[in-house]
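Participant: Okay, here's the structure, questions in a sec.
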Amino acid sequence: MKRMTALICALLAGPALAQTNINLGGISADPNAPVEVTADSLNVDQDAGTAVFSGNVVIGQGDLRLSAPQVNVTYGADSGDITRLQASGGVTFVTATEAAEAQTADYDLQAGTLTLNGDVLLTQGASALSSQTMVVDLNTGRAQMSGRVSTVFQQGGN
């Protein structure tokens with residue numbers, strides 16, 4: 001209930017619902033946790049430090065799950081660790097308590113941010129929010145939605 005009250009206050013404070021801040025309290029990410037990727041195919045360019053996973057791509061790291069038709073992966077030049085995941089073609093992002101959809105997603109593991117673009121739809125329980133862009137700070141669980149934000153709140157027990 002506290003989260004819903006804070007969400008309503010944030011929505012009412014925004015000018016003409018053009019932008020809102022959300023707290024995705026349960027979302028946290030450990031950038032040091034293993035990243036598991038499954039896909040139909042993989043193309044690797046060692047010199048560029050990139051890989052392209054295609055077809056039914058599913059990526060997991062801790063409680064985070066991302067699925068998309070294609071994901072471009074960038075590796076750190078020195079460490080070889082994954083530094084960025086860029087998904088396209090219709091993306092679904094799921095945690096234990098939230099789910100989001102968008103046309104593209106950019107997960108910057110070093111900065112701890114997830115940016116969803118294009119027809120973003122976020123569901124939290126029975127409530128839903130939509131916008132053109134959502135940026136999630138996975139370190140704090142805070143998110144900001146912008147670009148014609150609209151919402152549906154379900155009352156009672158949410």
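Please note that chains go A, B, ... in the order of the structure tokens, that every chain numbers its residues from 1, and that ligands are numbered from 1 in the order shown.
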Counting only C-alpha atoms, what are the residues of range 63-107 of chain A within 7 Å of range 37-59 of chain A, and for each of them which pair of atoms is the nearest and at what distance in Å, to one decimal? Sort the table by chain and rising number, as a Markdown table.

Facilitator:
```
| residue | atom | partner | partner_atom | distance |
| --- | --- | --- | --- | --- |
| A:Arg65 | CA | A:Ile59 | CA | 5.6 |
| A:Leu66 | CA | A:Ile59 | CA | 5.1 |
| A:Ser67 | CA | A:Val58 | CA | 4.4 |
| A:Ala68 | CA | A:Val57 | CA | 5.3 |
| A:Pro69 | CA | A:Gly55 | CA | 4.9 |
| A:Gln70 | CA | A:Ser54 | CA | 4.5 |
| A:Val71 | CA | A:Phe53 | CA | 5.2 |
| A:Asn72 | CA | A:Val52 | CA | 4.5 |
| A:Val73 | CA | A:Ala51 | CA | 5.0 |
| A:Thr74 | CA | A:Thr50 | CA | 4.6 |
| A:Tyr75 | CA | A:Gly49 | CA | 5.1 |
| A:Ala77 | CA | A:Gly49 | CA | 6.7 |
```

Participant: Using only C-alpha atoms, which residues sit within 10 Å of Val94 in chain A once same-chain residues fewer than 4 positions away are excluded, as a count of residues only?

Facilitator: 13

Participant: Taking the backbone alone, and naming residues the way the document does, which bits of range 6-151 of chain A are helix (DSSP H, G or I) by DSSP, as a ChimeraX atom specification?

Facilitator: /A:6-13,15-17

Participant: So that I can check the secondary structure, give me every residue of range 77-124 of chain A assigned strand (DSSP E) by backbone DSSP, as an MDAnalysis selection string.

Facilitator: chainID A and resid 82:94 98:108 113:124

Participant: Measure the distance from CA of Ser88 in chain A to CA of Val152 in chain A in Å and round it to one decimal.

Facilitator: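 The value is 26.4 Å.
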
Participant: Let me make sure I understand: among A:Ala143, A:Ala105, A:Ala111, A:Val91, which one has the smallest atom-to-atom distance to Leu129 in chain A if we use only C-alpha atoms?

Facilitator: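 Under the stated criterion, the closest residue is A:Ala143.
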
Participant: Using Å and a single decimal, report how far CA of Thr113 in chain A sits from CA of Asn139 in chain A.

Facilitator: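 Between CA of Asn139 in chain A and CA of Thr113 in chain A the gap is 7.8 Å.
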
Participant: Calculated over only C-alpha atoms, which of the candidates A:Ser130, A:Gln61, A:Thr140, A:Ser146 has the smallest distance to Gly112 in chain A?

Facilitator: A:Thr140

Participant: Using CA of Ser127 in chain A and CA of Thr104 in chain A as the two end points, give the distance in Å to one decimal.

Facilitator: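 CA of Ser127 in chain A sits 22.1 Å away from CA of Thr104 in chain A.
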
Participant: Measuring between only C-alpha atoms, which one of A:Leu85, A:Val35, A:Val149, A:Val135 shows the shortest distance to Asp108 in chain A?

Facilitator: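 Looking only at the distances to Asp108 in chain A, the closest residue turns out to be A:Leu85.
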
Participant: With only C-alpha atoms as the basis for distance, which of A:Gln124, A:Gln144, A:Asn32, A:Thr151 is at the shortest distance from Ala96 in chain A?

Facilitator: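 Counting only C-alpha atoms, the residue closest to Ala96 in chain A is A:Gln124.
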